[in-house]
Amino acid sequence: MKRKLVAAISAILPLHLALAAPYRPDHDAQVLERLPAVSGPANRELRALRQQLAANPGRTELALDLAERYLARGKAEADPRYYGYAEGLLKAWPKTPEPPPKVLLLGALIKQHRHDFDGALQDLDTLLRRQPDNAQGWLTRAVILLVQARYPDALQSCAPLIELDDALLAGTCLAEVNSLMGQARKSYDFLQETLADQAEAGAEQRQWTLTVLADIAARLGKPLEAEKHFSEAIRIDYPNVYLFGAYADFLLDQHQPQKVLTLLQDKSRIDALFLRSVQAKQQLGSNDLAQATHELEARFAASRMRGENLHQGDEARFTLHLLNKPEDALRLAKANWQAQREPKDARILLEAAWAAQDAEAAKPVLDLLSASGMEHPQLRQLAAEIRQLR
Amino acid sequence: MPARLVFCLLILVYTPLLHAHKASDSYLTLKVAGDRIEGRWDIALRDLDYALGLDSDDNGEITWGEVRSRRAAVFGYALSRLNLSGGNPPCPLQAGDYLIDSHTDGAYAVLLFTAVCGAELSTIGVDYSLLFDLDPQHRGLLRIEYGQATHTAVLSPTHHNQPIELADVKPGAALLQYLREGVWHIWLGYDHILFLLSLLFPAVLIRQERSWRPAEQFRPVLLEVVKIVTAFTVAHSLTLSLATLGVIELPSRWVESAIAASVVLAALNNVYPLISKKLWLVAFGFGLIHGLGFANVLKDLGLPNNLLVLALLAFNLGVEAGQLAIVSVFLPAAFFLRRSWGYRQLLVHAGSVLIVFVALIWFAERAMNTQLVDWESLFK
């Protein structure tokens with residue numbers, strides 16, 4: 001019976017997917033694994049630092065430096081293993097009632113990554129009590145509060161940045177939050193002016209500001225301006241998974257699947273971006289859609305196996321749009337909403353609620369839309385359709 | 001083909017073209033028989049490289065030669081971070097074959113090993129500490145196979161020591177649970193009972209010249225009841241199996257509404273009889289829909305992959321047992337009362353009208369996805 005089943009499955013699978021039982025490779029020279037971008041200077045530096053640390057295990061400032069670099073790589077490549085390595089380095093830090101600010105900040109970033117938002121906020125509050133001029137601390141705090149849709153609190157966390165001498169950083173933070181509180185047009189104009197005034201701003205900062213401008217323009221239904229900001233941001237050669245995801249979402253909404261595939265060409269290692277490629281394939285009606293869908297399904301299954309639920313928003317999108325299972329998608333979108341409440345999380349919850357014809361499930365988003373005064377014609381249109389369900 | 005089984009196999013056999021970024025996991029499978037444990041441990045090459053430095057020529061590529069030459073170091077590193085015991089003394093681990101396999105995030109070393117514990121195992125202690133010092137986000141995905149049963153657990157820095165009672169993973173207890181759920185579902189699922197009763201009410205009566213007359217003999221009555229119950233059973237077993245195995249899939253709201261509608265029609269037929277012969281055909285037709293409803297319950301309970309078919313069978317048997325219990329109380333009582341005015345007018349007529357009303361409310365609630373009546377407080 002089992003053999004028949006296996007035979008049946010291998011007949012269904014494309015040829016190159018030969019049945020993978022554990023095997024003994026034929027030649028010593030056979031390459032089994034390529035380590036991530038090892039040739040890049042960043043990774044070589046990481047290896048060198050790690051060797052130094054192994055030789056001097058007591059040098060705590062070296063460990064912190066390395067942890068910070070791992071986090072930067074983890075963010076740039078959206079590779080969770082780096083967050084784990086950083087956490088391993090921090091764990092070795094002696095437990096003291098007053099850990100150094102850096103330990104608190106890095107700890108908060110790690111907790112943020114695994115969606116322990118309350119834990120991260122707690123660390124940040126301790127940090128900012130001791131170091132009220134820590135800009136990264138205030139910014140990280142604002143970003144977390146924004147994800148939780150606690151807009152007034154997020155605004156309060158942007159405010160101290162004004163005093164800290166980086167007008168574009170403060171302006172971007174304020175504009176992003178305000179744009180979700182019914183001030184989108186004003187924030188957009190203000191941020192464009194601020195960006196024009198700050199010609200000397202660093203590449204990373206400019207990229208973030210352009211991304212926020214693009215997001216606002218896309219929400220307001222100004223595709224030409226959004227496209228302009230997105231493409232300018234993407235030309236700044238600084239790896240940023242959020243930007244790629246947001247741009248791809250915008251292009252999918254504009255029905256430009258071919259552009260999505262070109263944009264995300266070499267990014268399929270990252271589940272969130274792979275999902276967007278698969279959606280583009282769906283729009284194109286590609287031949288390899290079924291195969292790509294299977295692969296993504298296997299990836300979601302693998303992260304479920306470890307009891308993780310960090311990607312429920314994307315999984316809900318996948319379940320609704322590619323598997324066409326509205327009720328399962330709604331369950332995922334509701335669970336995702338418990339942790340993350342950005343406009344894209346609101347959107348999948350509304351889409352799934354509409355598909356499952358469950359108006360009650362959409363209520364938290366409807367409430368947020370009316371409480372915040374958020375300008376988002378697309379969400380408001382969906383919300384109006386769902387209200388008709390009742 | 002069982003869809004879940006296929007899906008699990010797909011995950012196991014699927015070699016992706018592009019590797020995903022994923023947090024670090026290892027896959028540890030222990031097959032227990034008697035006093036022996038056969039182990040298979042898949043550990044990512046990337047993790048082994050981080051821990052031991054496999055890439056000896058530092059060119060960013062890990063070759064089979066590099067992996068093979070470090071066999072002793074890899075086994076030594078891994079096995080020293082795993083402690084298996086059957087009671088107090090740990091079972092010594094014996095390294096076996098050393099192979100390669102693929103998972104969604106890349107190539108893995110496959111470490112095969114054996115543990116001999118000296119005495120028949122009734123419990124296994126698994127103490128796992130691979131990579132936790134280097135990457136606290138690492139997880140060990142443990143799977144224990146014992147006879148027909150499997151037990152899975154996720155091992156983490158906070159849950160790294162798991163004693164597993166092998167008695168608990170015996171299939172018997174699990175199957176009994178599904179049997180019990182089946183019985184309870186038919187007893188607590190009033191819609192199924194009311195549908196069945198609506199069909200059975202007229203079984204002790206004979207329709208003649210637009211009125212009901214009591215049946216004279218028990219045998220034809222029994223035959224009629226057996227026909228109806230069997231038809232209902234065959235039909236719902238069929239769709240229950242097909243839906244559980246993923247062959248058919250319908251939205252639960254549609255199914256639940258249709259079940260309510262079937263109760264309305266069955267009861268209405270007692271008030272304004274349209275069909276008085278071959279009721280078993282009605283039982284069969286609507287039984288198909290009720291089976292889909294049972295499947296939704298079973299889906300909510302979740303089915304163990306290794307016991308899929310047996311659990312399905314147990315749940316189904318439970319449903320039949322619960323149904324048989326109802327019929328065996330109903331039939332003698334109905335036959336005894338069939339001549340009375342009360343049975344014909346009060347129970348069959350007024351009772352059916354009442355059922356029509358209740359089921360209409362159910363139908364409206366389910367079709368419109370709202371609550372019209374607070375049933376819970378009604379029954380308190």
# chains A, B, ... in the order shown; residues from 1 in each chain; ligands from 1
>>> residues_around(residues="region 311-321 of chain A", least_positions_apart="6", cutoff="10 Å", atoms="only C-alpha atoms", output="VMD selection string")
chain A and resid 271 to 273 275 to 276 278 to 279 282 293 296 to 297 300 to 301 303 to 304 327 to 337 339 to 341 344 to 349 351 to 352 355 to 356
>>> write_last_selection(atoms="N, CA and C atoms", output="tab-separated table (two decimals), in the first residue's frame")
chain	number	residue	atom	x	y	z
A	271	ASP	N	10.45	33.85	2.57
A	271	ASP	CA	9.08	33.38	2.39
A	271	ASP	C	8.13	34.50	1.99
A	272	ALA	N	8.25	35.66	2.69
A	272	ALA	CA	7.31	36.76	2.44
A	272	ALA	C	7.40	37.21	0.99
A	273	LEU	N	8.62	37.27	0.46
A	273	LEU	CA	8.80	37.73	-0.91
A	273	LEU	C	8.45	36.63	-1.91
A	275	LEU	N	6.11	34.51	-1.49
A	275	LEU	CA	4.65	34.56	-1.57
A	275	LEU	C	4.20	35.54	-2.65
A	276	ARG	N	4.86	36.71	-2.68
A	276	ARG	CA	4.46	37.73	-3.65
A	276	ARG	C	4.80	37.30	-5.08
A	278	VAL	N	4.74	34.20	-6.04
A	278	VAL	CA	3.75	33.19	-6.39
A	278	VAL	C	2.43	33.87	-6.77
A	279	GLN	N	2.10	34.96	-6.06
A	279	GLN	CA	0.87	35.68	-6.43
A	279	GLN	C	1.00	36.29	-7.83
A	282	GLN	N	0.40	33.69	-10.25
A	282	GLN	CA	-1.04	33.44	-10.34
A	282	GLN	C	-1.70	34.44	-11.30
A	293	THR	N	3.33	26.82	-5.59
A	293	THR	CA	2.36	26.78	-4.49
A	293	THR	C	2.70	25.65	-3.53
A	296	LEU	N	5.69	26.62	-1.36
A	296	LEU	CA	5.35	27.57	-0.31
A	296	LEU	C	4.56	26.87	0.80
A	297	GLU	N	3.69	25.96	0.39
A	297	GLU	CA	2.90	25.21	1.37
A	297	GLU	C	3.82	24.41	2.29
A	300	PHE	N	5.46	26.79	4.83
A	300	PHE	CA	4.57	27.14	5.94
A	300	PHE	C	4.41	25.96	6.89
A	301	ALA	N	4.30	24.76	6.31
A	301	ALA	CA	4.16	23.56	7.15
A	301	ALA	C	5.39	23.38	8.02
A	303	SER	N	7.38	25.69	9.18
A	303	SER	CA	7.46	26.60	10.33
A	303	SER	C	6.35	26.33	11.33
A	304	ARG	N	5.23	25.78	10.86
A	304	ARG	CA	4.20	25.35	11.83
A	304	ARG	C	4.72	24.23	12.71
A	327	GLU	N	-12.29	29.93	5.06
A	327	GLU	CA	-12.48	29.78	6.51
A	327	GLU	C	-11.15	29.59	7.23
A	328	ASP	N	-10.27	28.78	6.63
A	328	ASP	CA	-8.94	28.61	7.23
A	328	ASP	C	-8.17	29.93	7.20
A	329	ALA	N	-8.32	30.66	6.08
A	329	ALA	CA	-7.62	31.94	5.94
A	329	ALA	C	-8.10	32.91	7.01
A	330	LEU	N	-9.40	32.90	7.27
A	330	LEU	CA	-9.96	33.82	8.27
A	330	LEU	C	-9.41	33.49	9.66
A	331	ARG	N	-9.32	32.21	9.97
A	331	ARG	CA	-8.78	31.80	11.27
A	331	ARG	C	-7.36	32.35	11.42
A	332	LEU	N	-6.55	32.21	10.37
A	332	LEU	CA	-5.17	32.70	10.42
A	332	LEU	C	-5.13	34.22	10.51
A	333	ALA	N	-5.98	34.89	9.73
A	333	ALA	CA	-5.97	36.35	9.71
A	333	ALA	C	-6.39	36.91	11.07
A	334	LYS	N	-7.34	36.22	11.72
A	334	LYS	CA	-7.77	36.66	13.05
A	334	LYS	C	-6.65	36.50	14.06
A	335	ALA	N	-5.97	35.34	13.99
A	335	ALA	CA	-4.85	35.10	14.91
A	335	ALA	C	-3.74	36.12	14.66
A	336	ASN	N	-3.48	36.42	13.40
A	336	ASN	CA	-2.46	37.39	13.04
A	336	ASN	C	-2.80	38.77	13.60
A	337	TRP	N	-4.07	39.12	13.57
A	337	TRP	CA	-4.52	40.43	14.04
A	337	TRP	C	-4.25	40.60	15.53
A	339	ALA	N	-1.59	39.87	16.98
A	339	ALA	CA	-0.22	40.35	17.15
A	339	ALA	C	0.05	41.60	16.32
A	340	GLN	N	-0.39	41.61	15.07
A	340	GLN	CA	0.03	42.65	14.13
A	340	GLN	C	-1.17	43.35	13.52
A	341	ARG	N	-1.13	44.67	13.53
A	341	ARG	CA	-2.29	45.43	13.07
A	341	ARG	C	-1.92	46.54	12.10
A	344	LYS	N	-1.76	46.28	6.10
A	344	LYS	CA	-1.81	45.05	5.31
A	344	LYS	C	-2.45	43.91	6.11
A	345	ASP	N	-2.28	43.95	7.46
A	345	ASP	CA	-2.94	42.94	8.29
A	345	ASP	C	-4.45	43.18	8.31
A	346	ALA	N	-4.83	44.47	8.33
A	346	ALA	CA	-6.25	44.82	8.28
A	346	ALA	C	-6.86	44.33	6.98
A	347	ARG	N	-6.08	44.49	5.90
A	347	ARG	CA	-6.61	44.14	4.60
A	347	ARG	C	-6.89	42.64	4.47
A	348	ILE	N	-5.95	41.80	4.90
A	348	ILE	CA	-6.18	40.37	4.75
A	348	ILE	C	-7.32	39.91	5.66
A	349	LEU	N	-7.45	40.55	6.83
A	349	LEU	CA	-8.57	40.18	7.70
A	349	LEU	C	-9.90	40.52	7.02
A	351	GLU	N	-10.41	40.89	3.75
A	351	GLU	CA	-10.60	40.04	2.57
A	351	GLU	C	-11.08	38.64	2.95
A	352	ALA	N	-10.46	38.10	4.02
A	352	ALA	CA	-10.85	36.75	4.45
A	352	ALA	C	-12.26	36.76	5.03
A	355	ALA	N	-14.62	36.88	2.16
A	355	ALA	CA	-14.69	35.60	1.44
A	355	ALA	C	-15.45	34.56	2.26
A	356	ALA	N	-15.29	34.61	3.59
A	356	ALA	CA	-15.99	33.63	4.43
A	356	ALA	C	-17.37	34.13	4.83
>>> select_by_dssp(residues="region 179-237 of chain B", states="strand (DSSP E or B)", output="list in words")
Leu205, Ile206, Arg207, Gln208, Ser211, Trp212, Arg213 and Pro214 of chain B
>>> residues_around(residues="region 59-62 of chain A", least_positions_apart="4", cutoff="10 Å", atoms="only C-alpha atoms", output="ChimeraX atom specification")
/A:49-50,52-55,66-68,89-90,92-94,102
>>> residues_around(residues="region 356-362 of chain B", least_positions_apart="6", cutoff="12 Å", atoms="only C-alpha atoms", output="ChimeraX atom specification")
/B:190-195,198,253,256-272,348-350,368-375
>>> interface_residues(of="chain A", to="chain B", cutoff="7 Å", atoms="only C-alpha atoms", output="number ranges by chain")
A: 17, 19-25, 27-35, 38, 79-81, 84-85, 87-88, 268-271, 295, 298-299, 306
>>> atom_distance(atom1="CA of Ile37 (chain B)", atom2="CA of Ala115 (chain B)")
5.0 Å
>>> select_by_dssp(residues="region 145-296 of chain A", states="helix (DSSP H, G or I)", output="ChimeraX atom specification")
/A:145-147,151-162,167-178,184-197,203-219,223-235,241-253,257-263,271-284,289-296
>>> residues_around(residues="Gln177 (chain B)", least_positions_apart="6", cutoff="10 Å", atoms="only C-alpha atoms", output="PyMOL selection string")
chain B and resi 311+314-315+318
>>> atom_distance(atom1="CA of Leu210 (chain A)", atom2="CA of Phe230 (chain A)")
6.8 Å
>>> residues_around(residues="Leu166 (chain B)", least_positions_apart="4", cutoff="9 Å", atoms="only C-alpha atoms", output="CSV table (one decimal) with C-alpha atoms, in the first residue's frame")
chain,number,residue,atom,x,y,z
B,121,LEU,CA,10.9,0.4,27.5
B,122,SER,CA,7.7,1.8,29.0
B,123,THR,CA,8.8,5.3,29.2
B,124,ILE,CA,11.6,7.3,27.5
B,146,TYR,CA,6.0,3.2,19.0
B,151,HIS,CA,4.1,11.1,19.6
B,170,LYS,CA,-0.8,3.4,22.6
>>> residues_around(residues="Asp215 (chain A)", least_positions_apart="2", cutoff="9 Å", atoms="only C-alpha atoms", output="JSON, numbers by chain")
{"A": [176, 210, 211, 212, 213, 217, 218, 219, 220, 226, 229, 230, 246, 247, 250]}
>>> write_last_selection(atoms="all heavy atoms", output="tab-separated table (two decimals), in the first residue's frame")
chain	number	residue	atom	x	y	z
A	176	GLU	N	4.72	59.05	9.23
A	176	GLU	CA	4.18	57.70	9.06
A	176	GLU	C	2.99	57.47	9.99
A	176	GLU	O	1.95	56.96	9.59
A	176	GLU	CB	5.28	56.65	9.32
A	176	GLU	CG	4.79	55.24	9.05
A	176	GLU	CD	5.89	54.19	9.05
A	176	GLU	OE1	6.96	54.46	9.62
A	176	GLU	OE2	5.66	53.11	8.48
A	210	LEU	N	11.60	57.43	1.59
A	210	LEU	CA	10.95	57.22	0.29
A	210	LEU	C	9.92	56.09	0.38
A	210	LEU	O	8.86	56.15	-0.24
A	210	LEU	CB	12.00	56.89	-0.77
A	210	LEU	CG	12.84	58.09	-1.23
A	210	LEU	CD1	14.09	57.63	-1.97
A	210	LEU	CD2	12.00	59.03	-2.10
A	211	THR	N	10.25	55.05	1.17
A	211	THR	CA	9.32	53.94	1.33
A	211	THR	C	8.03	54.43	1.99
A	211	THR	O	6.93	54.05	1.59
A	211	THR	CB	9.95	52.81	2.17
A	211	THR	OG1	11.22	52.49	1.61
A	211	THR	CG2	9.08	51.58	2.17
A	212	VAL	N	8.19	55.26	3.03
A	212	VAL	CA	7.00	55.78	3.72
A	212	VAL	C	6.18	56.65	2.77
A	212	VAL	O	4.95	56.53	2.70
A	212	VAL	CB	7.42	56.57	4.99
A	212	VAL	CG1	6.22	57.30	5.58
A	212	VAL	CG2	8.03	55.64	6.02
A	213	LEU	N	6.86	57.48	1.98
A	213	LEU	CA	6.15	58.31	1.00
A	213	LEU	C	5.39	57.43	0.01
A	213	LEU	O	4.23	57.69	-0.32
A	213	LEU	CB	7.15	59.20	0.24
A	213	LEU	CG	7.62	60.46	0.97
A	213	LEU	CD1	8.78	61.11	0.22
A	213	LEU	CD2	6.46	61.45	1.13
A	217	ALA	N	1.38	57.32	-0.59
A	217	ALA	CA	0.82	57.59	-1.92
A	217	ALA	C	-0.02	56.41	-2.41
A	217	ALA	O	-1.11	56.59	-2.96
A	217	ALA	CB	1.95	57.87	-2.91
A	218	ALA	N	0.46	55.19	-2.16
A	218	ALA	CA	-0.28	54.00	-2.59
A	218	ALA	C	-1.62	53.93	-1.86
A	218	ALA	O	-2.66	53.65	-2.46
A	218	ALA	CB	0.54	52.74	-2.34
A	219	ARG	N	-1.60	54.20	-0.53
A	219	ARG	CA	-2.85	54.17	0.24
A	219	ARG	C	-3.84	55.20	-0.27
A	219	ARG	O	-5.03	54.95	-0.33
A	219	ARG	CB	-2.55	54.47	1.72
A	219	ARG	CG	-2.14	53.28	2.54
A	219	ARG	CD	-2.46	53.50	4.00
A	219	ARG	NE	-1.85	54.68	4.57
A	219	ARG	CZ	-0.62	54.73	5.09
A	219	ARG	NH1	0.14	53.65	5.10
A	219	ARG	NH2	-0.15	55.84	5.61
A	220	LEU	N	-3.31	56.38	-0.63
A	220	LEU	CA	-4.19	57.47	-1.07
A	220	LEU	C	-4.68	57.27	-2.50
A	220	LEU	O	-5.43	58.08	-3.01
A	220	LEU	CB	-3.45	58.81	-0.97
A	220	LEU	CG	-3.27	59.34	0.45
A	220	LEU	CD1	-2.43	60.60	0.44
A	220	LEU	CD2	-4.63	59.61	1.10
A	226	ALA	N	3.37	56.92	-6.15
A	226	ALA	CA	3.87	55.76	-5.40
A	226	ALA	C	4.98	55.08	-6.20
A	226	ALA	O	6.05	54.77	-5.67
A	226	ALA	CB	2.74	54.79	-5.09
A	229	HIS	N	8.26	57.02	-6.04
A	229	HIS	CA	9.00	56.86	-4.78
A	229	HIS	C	9.58	55.46	-4.63
A	229	HIS	O	10.71	55.28	-4.20
A	229	HIS	CB	8.10	57.17	-3.60
A	229	HIS	CG	7.59	58.57	-3.56
A	229	HIS	ND1	8.42	59.67	-3.65
A	229	HIS	CD2	6.33	59.07	-3.45
A	229	HIS	CE1	7.70	60.78	-3.59
A	229	HIS	NE2	6.42	60.45	-3.49
A	230	PHE	N	8.76	54.46	-4.96
A	230	PHE	CA	9.24	53.08	-4.82
A	230	PHE	C	10.49	52.87	-5.68
A	230	PHE	O	11.48	52.31	-5.21
A	230	PHE	CB	8.15	52.08	-5.24
A	230	PHE	CG	7.22	51.67	-4.12
A	230	PHE	CD1	5.84	51.71	-4.28
A	230	PHE	CD2	7.73	51.22	-2.89
A	230	PHE	CE1	4.98	51.32	-3.26
A	230	PHE	CE2	6.87	50.83	-1.88
A	230	PHE	CZ	5.50	50.89	-2.06
A	246	ALA	N	6.66	45.71	0.13
A	246	ALA	CA	5.66	46.76	-0.08
A	246	ALA	C	5.55	47.12	-1.56
A	246	ALA	O	4.45	47.30	-2.10
A	246	ALA	CB	6.03	48.00	0.74
A	247	TYR	N	6.70	47.20	-2.23
A	247	TYR	CA	6.69	47.52	-3.67
A	247	TYR	C	5.98	46.42	-4.44
A	247	TYR	O	5.15	46.69	-5.32
A	247	TYR	CB	8.14	47.71	-4.15
A	247	TYR	CG	8.29	48.32	-5.53
A	247	TYR	CD1	7.23	48.96	-6.16
A	247	TYR	CD2	9.52	48.27	-6.18
A	247	TYR	CE1	7.39	49.52	-7.43
A	247	TYR	CE2	9.69	48.84	-7.44
A	247	TYR	CZ	8.62	49.46	-8.06
A	247	TYR	OH	8.77	50.02	-9.30
A	250	PHE	N	2.31	46.66	-4.06
A	250	PHE	CA	1.80	47.75	-4.88
A	250	PHE	C	1.68	47.31	-6.34
A	250	PHE	O	0.65	47.52	-6.99
A	250	PHE	CB	2.74	48.96	-4.74
A	250	PHE	CG	2.50	50.03	-5.75
A	250	PHE	CD1	1.41	50.87	-5.64
A	250	PHE	CD2	3.37	50.20	-6.82
A	250	PHE	CE1	1.18	51.87	-6.58
A	250	PHE	CE2	3.15	51.20	-7.76
A	250	PHE	CZ	2.05	52.03	-7.63
>>> atom_distance(atom1="CA of Ala76 (chain A)", atom2="CA of Asn240 (chain A)")
5.7 Å
